[in-house]
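Participant: So that you have it, the file is upload.txt, and it contains compact mmCIF, C-alpha atoms:
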# COMPACT_ATOMS: atom_id res chain seq x y z
CA MET A 1 22.92 10.62 42.28
CA PHE A 2 21.87 14.03 40.98
CA SER A 3 24.04 13.94 37.85
CA SER A 4 21.00 14.23 35.59
CA PHE A 5 19.90 17.50 37.26
CA ARG A 6 21.39 20.96 37.76
CA LEU A 7 20.38 23.63 40.23
CA ALA A 8 18.87 26.82 38.81
CA SER A 9 17.37 29.91 40.39
CA ALA A 10 13.86 28.65 39.62
CA GLY A 11 14.51 25.26 41.20
CA PHE A 12 15.62 21.95 39.78
CA VAL A 13 15.85 21.89 35.97
CA VAL A 14 16.01 18.64 34.07
CA SER A 15 19.23 18.31 32.11
CA ARG A 16 19.11 18.30 28.33
CA SER A 17 19.93 14.61 28.05
CA PHE A 18 17.20 13.64 30.49
CA SER A 19 14.71 15.90 28.69
CA GLN A 20 15.53 14.27 25.38
CA CYS A 21 15.04 10.79 26.79
CA LEU A 22 11.72 11.81 28.32
CA ALA A 23 10.56 13.40 25.07
CA ILE A 24 11.48 10.30 23.09
CA ARG A 25 9.63 8.08 25.52
CA LEU A 26 6.52 10.26 25.43
CA TYR A 27 6.66 10.41 21.62
CA SER A 28 6.93 6.62 21.44
CA GLN A 29 3.93 6.24 23.74
CA VAL A 30 1.85 8.63 21.66
CA MET A 31 2.84 7.00 18.37
CA ALA A 32 1.95 3.59 19.77
CA THR A 33 -1.66 4.79 20.07
CA VAL A 34 -1.82 6.29 16.57
CA LYS A 35 -3.54 4.15 13.97
CA PRO A 36 -1.52 3.54 10.81
CA ALA A 37 -2.87 5.46 7.83
CA VAL A 38 -3.64 3.27 4.82
CA VAL A 39 -4.25 4.23 1.20
CA PHE A 40 -5.23 1.36 -1.08
CA VAL A 41 -3.95 1.59 -4.66
CA LEU A 42 -5.86 -0.17 -7.43
CA GLY A 43 -5.80 -0.23 -11.22
CA GLY A 44 -5.34 -2.68 -14.03
CA PRO A 45 -2.03 -4.48 -14.55
CA GLY A 46 0.26 -1.97 -16.24
CA ALA A 47 -1.80 1.07 -15.17
CA GLY A 48 1.22 2.66 -13.49
CA LYS A 49 0.56 1.90 -9.82
CA GLY A 50 4.14 1.04 -8.94
CA THR A 51 5.61 4.07 -10.71
CA GLN A 52 3.31 6.49 -8.93
CA CYS A 53 3.69 4.77 -5.55
CA ALA A 54 7.47 5.25 -5.79
CA ARG A 55 6.96 8.99 -6.23
CA ILE A 56 4.52 9.21 -3.31
CA VAL A 57 7.06 7.39 -1.12
CA GLU A 58 9.81 9.80 -2.12
CA GLU A 59 7.83 12.98 -1.48
CA PHE A 60 5.43 12.06 1.31
CA GLY A 61 7.24 9.36 3.27
CA PHE A 62 4.74 6.55 2.84
CA VAL A 63 5.82 2.92 2.87
CA HIS A 64 4.89 1.11 -0.34
CA LEU A 65 3.57 -2.41 0.24
CA SER A 66 2.93 -4.17 -3.04
CA ALA A 67 0.79 -7.23 -2.46
CA GLY A 68 2.26 -8.81 -5.58
CA ASP A 69 5.85 -8.17 -4.52
CA LEU A 70 5.19 -9.59 -1.05
CA LEU A 71 3.67 -12.71 -2.57
CA ARG A 72 6.56 -13.17 -5.01
CA ALA A 73 9.05 -12.75 -2.16
CA GLU A 74 7.14 -15.32 -0.10
CA ARG A 75 7.20 -17.74 -3.03
CA ALA A 76 10.97 -17.25 -3.49
CA SER A 77 11.63 -17.77 0.24
CA GLY A 78 10.79 -21.46 0.07
CA SER A 79 7.54 -20.98 1.97
CA PRO A 80 5.13 -23.94 2.16
CA ASP A 81 2.69 -21.65 0.34
CA GLY A 82 5.16 -21.09 -2.52
CA ASP A 83 3.62 -23.56 -4.97
CA LEU A 84 0.11 -22.28 -4.31
CA ILE A 85 1.24 -18.68 -4.83
CA GLU A 86 3.04 -19.57 -8.07
CA ASN A 87 0.01 -21.43 -9.40
CA CYS A 88 -2.21 -18.43 -8.67
CA ILE A 89 0.22 -15.97 -10.26
CA THR A 90 0.72 -17.95 -13.46
CA SER A 91 -2.99 -18.66 -13.86
CA GLY A 92 -3.94 -15.02 -13.31
CA SER A 93 -6.09 -15.91 -10.31
CA ILE A 94 -6.12 -14.39 -6.82
CA VAL A 95 -4.09 -15.81 -3.94
CA PRO A 96 -6.18 -16.83 -0.88
CA VAL A 97 -6.82 -13.81 1.29
CA ALA A 98 -5.40 -15.37 4.47
CA ILE A 99 -1.94 -15.52 2.89
CA THR A 100 -2.00 -11.98 1.51
CA VAL A 101 -3.38 -10.37 4.68
CA ARG A 102 -0.82 -12.23 6.81
CA LEU A 103 2.03 -10.88 4.68
CA LEU A 104 0.63 -7.34 4.70
CA LYS A 105 0.12 -7.35 8.48
CA LYS A 106 3.64 -8.68 9.04
CA ALA A 107 5.11 -5.95 6.84
CA MET A 108 3.13 -3.25 8.64
CA ASP A 109 3.88 -4.56 12.14
CA THR A 110 7.63 -4.63 11.50
CA ASN A 111 7.74 -1.07 10.16
CA SER A 112 7.79 1.94 12.46
CA THR A 113 6.31 4.20 9.78
CA LYS A 114 2.61 4.87 10.23
CA LYS A 115 1.70 5.59 6.60
CA PHE A 116 1.22 2.79 4.06
CA LEU A 117 0.35 2.51 0.40
CA ILE A 118 -1.14 -0.94 -0.13
CA ASP A 119 -0.78 -1.60 -3.83
CA GLY A 120 -2.82 -4.26 -5.65
CA PHE A 121 -5.16 -5.05 -2.76
CA PRO A 122 -8.02 -5.70 -2.12
CA ARG A 123 -8.53 -7.42 -5.47
CA ASN A 124 -11.89 -9.06 -4.84
CA GLU A 125 -14.73 -9.34 -2.35
CA ASP A 126 -12.95 -12.07 -0.40
CA ASN A 127 -9.90 -9.82 -0.04
CA PHE A 128 -12.07 -6.96 1.15
CA GLU A 129 -13.95 -9.01 3.73
CA GLY A 130 -10.76 -10.71 4.91
CA TRP A 131 -9.11 -7.36 5.49
CA VAL A 132 -12.11 -6.03 7.40
CA LYS A 133 -12.18 -9.17 9.56
CA ASP A 134 -8.46 -9.37 10.37
CA VAL A 135 -7.42 -5.70 10.31
CA GLY A 136 -10.59 -3.61 10.34
CA ASP A 137 -10.56 -0.56 12.59
CA SER A 138 -6.96 -1.07 13.72
CA VAL A 139 -5.94 1.14 10.77
CA ASP A 140 -7.17 4.48 9.46
CA THR A 141 -8.19 3.83 5.85
CA ARG A 142 -8.06 7.19 4.08
CA PHE A 143 -9.17 6.32 0.55
CA CYS A 144 -8.56 4.11 -2.48
CA LEU A 145 -6.41 5.63 -5.22
CA PHE A 146 -7.58 4.22 -8.54
CA PHE A 147 -5.69 4.52 -11.83
CA GLU A 148 -7.94 4.42 -14.87
CA CYS A 149 -6.20 3.02 -17.93
CA PRO A 150 -7.55 1.31 -21.08
CA GLU A 151 -6.73 -2.32 -21.69
CA GLU A 152 -4.69 -1.65 -24.83
CA LEU A 153 -2.28 0.65 -22.99
CA CYS A 154 -2.07 -1.71 -20.01
CA VAL A 155 -1.10 -4.54 -22.37
CA GLU A 156 1.56 -2.43 -24.07
CA ARG A 157 3.12 -1.38 -20.77
CA ALA A 158 3.03 -4.83 -19.21
CA MET A 159 4.64 -6.44 -22.25
CA SER A 160 7.34 -3.76 -22.31
CA ARG A 161 7.99 -4.36 -18.60
CA GLY A 162 8.13 -8.09 -19.21
CA LYS A 163 11.24 -7.72 -21.35
CA SER A 164 13.29 -6.94 -18.24
CA SER A 165 11.16 -7.77 -15.18
CA GLY A 166 11.60 -11.53 -15.21
CA ARG A 167 8.07 -11.83 -13.83
CA SER A 168 6.24 -15.02 -14.73
CA ASP A 169 3.00 -13.08 -15.18
CA ASP A 170 4.32 -10.52 -17.67
CA ASN A 171 3.41 -12.43 -20.83
CA PRO A 172 0.40 -12.14 -23.19
CA GLU A 173 -1.37 -15.30 -22.05
CA VAL A 174 -1.21 -14.59 -18.33
CA PHE A 175 -1.91 -10.88 -18.85
CA LYS A 176 -5.20 -11.71 -20.55
CA LEU A 177 -6.22 -13.85 -17.57
CA ARG A 178 -5.11 -11.18 -15.10
CA TYR A 179 -7.07 -8.49 -16.89
CA GLN A 180 -10.19 -10.63 -16.99
CA THR A 181 -9.84 -11.20 -13.24
CA TYR A 182 -9.35 -7.45 -12.73
CA ILE A 183 -12.56 -6.60 -14.62
CA LYS A 184 -14.62 -9.36 -13.02
CA SER A 185 -13.33 -9.23 -9.45
CA THR A 186 -11.55 -5.94 -8.77
CA MET A 187 -13.82 -3.43 -10.48
CA PRO A 188 -16.70 -4.29 -8.10
CA ILE A 189 -14.35 -3.37 -5.23
CA VAL A 190 -13.53 -0.09 -6.95
CA ARG A 191 -17.25 0.64 -7.19
CA ARG A 192 -17.64 -0.31 -3.55
CA PHE A 193 -15.09 2.32 -2.51
CA GLU A 194 -16.86 4.79 -4.79
CA SER A 195 -20.19 4.14 -3.09
CA LYS A 196 -18.58 5.01 0.24
CA ASN A 197 -17.08 8.24 -1.18
CA MET A 198 -13.62 6.77 -0.62
CA LEU A 199 -12.50 6.54 -4.26
CA ARG A 200 -9.99 8.97 -5.78
CA SER A 201 -9.65 8.33 -9.51
CA VAL A 202 -6.72 9.52 -11.63
CA SER A 203 -6.13 8.86 -15.32
CA GLY A 204 -3.07 6.67 -15.85
CA VAL A 205 -2.92 7.48 -19.56
CA PRO A 206 -0.65 10.59 -19.62
CA SER A 207 3.08 10.54 -18.94
CA PRO A 208 4.22 9.60 -15.40
CA ASP A 209 5.06 13.26 -14.69
CA GLU A 210 1.61 14.42 -15.79
CA VAL A 211 -0.11 11.69 -13.80
CA TYR A 212 1.83 12.61 -10.67
CA VAL A 213 0.70 16.23 -10.89
CA GLU A 214 -2.81 14.95 -10.19
CA VAL A 215 -1.75 12.28 -7.70
CA ARG A 216 0.19 14.62 -5.43
CA LYS A 217 -2.86 16.87 -5.03
CA LEU A 218 -4.48 14.02 -3.09
CA PHE A 219 -1.58 13.76 -0.64
CA VAL A 220 -0.52 17.36 0.01
CA ASP A 221 -3.02 17.86 2.81
CA LEU A 222 -3.35 14.24 3.87
Would you give me this structure, written as structure tokens?

Facilitator:
Amino acid sequence: MFSSFRLASAGFVVSRSFSQCLAIRLYSQVMATVKPAVVFVLGGPGAGKGTQCARIVEEFGFVHLSAGDLLRAERASGSPDGDLIENCITSGSIVPVAITVRLLKKAMDTNSTKKFLIDGFPRNEDNFEGWVKDVGDSVDTRFCLFFECPEELCVERAMSRGKSSGRSDDNPEVFKLRYQTYIKSTMPIVRRFESKNMLRSVSGVPSPDEVYVEVRKLFVDL
């Protein structure tokens, strides 16, 4: 009956195993009340978002959620939304926000980590408003990390990636459509974050190592 306790001169002392269980339970209760931290990551196709996100994950323990990767996985799963997603991807247009937010929320809810990089989202005003409506204050949005990169370099990188990626959107025709969508629909969102003092811009032009020197400065004290 008293196997989890031992008698000490100061009274009853909880055994180490019991203390550990109690600490774990208390930690779990505290963490359940902590809002997940979110950093949005935006930039043109080929700006280097994925490369830099991988480095942030390795050093700072964030979970990288690529909206594009989640959508491609959903398409490949045989989802009823698969054809719609494929049509959007190959036409360079934006997938309906309800689908993207549902996939992001599912990925966040099934992960115990409380720090997320959300890459390639929000891509337009509809994305932004949909996120605010469905997620809103349930997360702690820290800032938007934006990679500035000229179109010519983005094209070069995306076409080089296309040689091995197998992605249906890594070709010149679709890239042109994607970039037009980025300028028309995503840049206003970038400016919106800037107006709220929530934009952190980094040049994506230098080498990945040089870019990361600047990126990590934003996360050291986060």

Participant: Choose the residue, out of A:Arg157, A:Ser185, A:Ser195, A:Glu173, that has the smallest atom-to-atom separation from Ile94 in chain A; count only C-alpha atoms.

Facilitator: A:Ser185

Participant: With distances taken over only C-alpha atoms, which residue among A:Pro122, A:Gly44, A:Glu59, A:Ser207 lies nearest Glu152 in chain A?

Facilitator: A:Gly44

Participant: Go ahead and fit an axis-aligned box to every listed atom of range 125-130 of chain A plus 3 Å each side, and pass me the centre and edge lengths in Å, one decimal, as lines of an AutoDock Vina configuration file.

Facilitator:
center_x = -12.3
center_y = -9.5
center_z = 1.3
size_x = 10.8
size_y = 11.1
size_z = 13.3

Participant: Please, what distance in Å, to one decimal, runs between CA of Ile89 in chain A and CA of Pro206 in chain A?

Facilitator: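 Separating CA of Ile89 in chain A from CA of Pro206 in chain A is a distance of 28.2 Å.
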
Participant: Using all atoms listed in the file, which of the listed residues (A:Val38, A:Leu70, A:Met159, A:Leu145) sits closest to Ser201 in chain A?

Facilitator: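 With all atoms listed in the file as the atom set, the closest residue is A:Leu145.
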
Participant: For each of A:Val95, A:Ala158, A:Leu218, A:Leu104, take the minimum atom-to-atom distance to Asp170 in chain A, counting all atoms listed in the file, then give the residue where this is smallest.

Facilitator: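 Closest residue, counting all atoms listed in the file: A:Ala158.
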
Participant: Nearest residue to Val174 in chain A out of A:Ser93, A:Ser79, A:Gln52, A:Ser66, using all atoms listed in the file?

Facilitator: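 Counting all atoms listed in the file, the residue closest to Val174 in chain A is A:Ser93.
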
Participant: Rounded to one decimal place, report the CA of Ser164 in chain A-CA of Ile85 in chain A distance in Å.

Facilitator: 21.5 Å

Participant: What does the structure give for the distance between CA of Gly78 in chain A and CA of Phe116 in chain A, in Å to one decimal?

Facilitator: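 Result for CA of Gly78 in chain A versus CA of Phe116 in chain A: 26.4 Å, one decimal.
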
Participant: List the neighbours of range 47-49 of chain A out to 10 Å using only C-alpha atoms; skip same-chain residues closer than 6 positions along the sequence, and give me the result as a list in words.

Facilitator: Val41, Ser66, Asp119, Gly120, Leu145, Phe146, Phe147, Glu148, Cys149, Pro150, Glu151, Leu153, Cys154, Val155, Arg157, Ala158, Ser203, Gly204, Val205, Ser207, Pro208 and Val211 of chain A

Participant: Given the choices A:Tyr212, A:Tyr179, A:Phe62, A:Phe121, which gets closest to Cys144 in chain A if the distance is worked out from only C-alpha atoms?

Facilitator: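 Under the stated criterion, the closest residue is A:Phe121.
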
Participant: Might you pull out every residue within 8 Å of Phe143 in chain A, with only C-alpha atoms counted and same-chain residues fewer than 4 positions away left off, and present them as a ChimeraX atom specification?

Facilitator: /A:38-40,193,198-200

Participant: Take the point (10.1, -0.7, 0.5) in the file's coordinates, draw a sphere of radius 10 Å around it, and report as a list in words every protein, DNA or RNA residue with an atom inside or on it, counting all atoms listed in the file.

Facilitator: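 Nearby residues: Ala54, Val57, Phe62, Val63, His64, Leu65, Ser66, Asp69, Ala107 and Asn111 of chain A.
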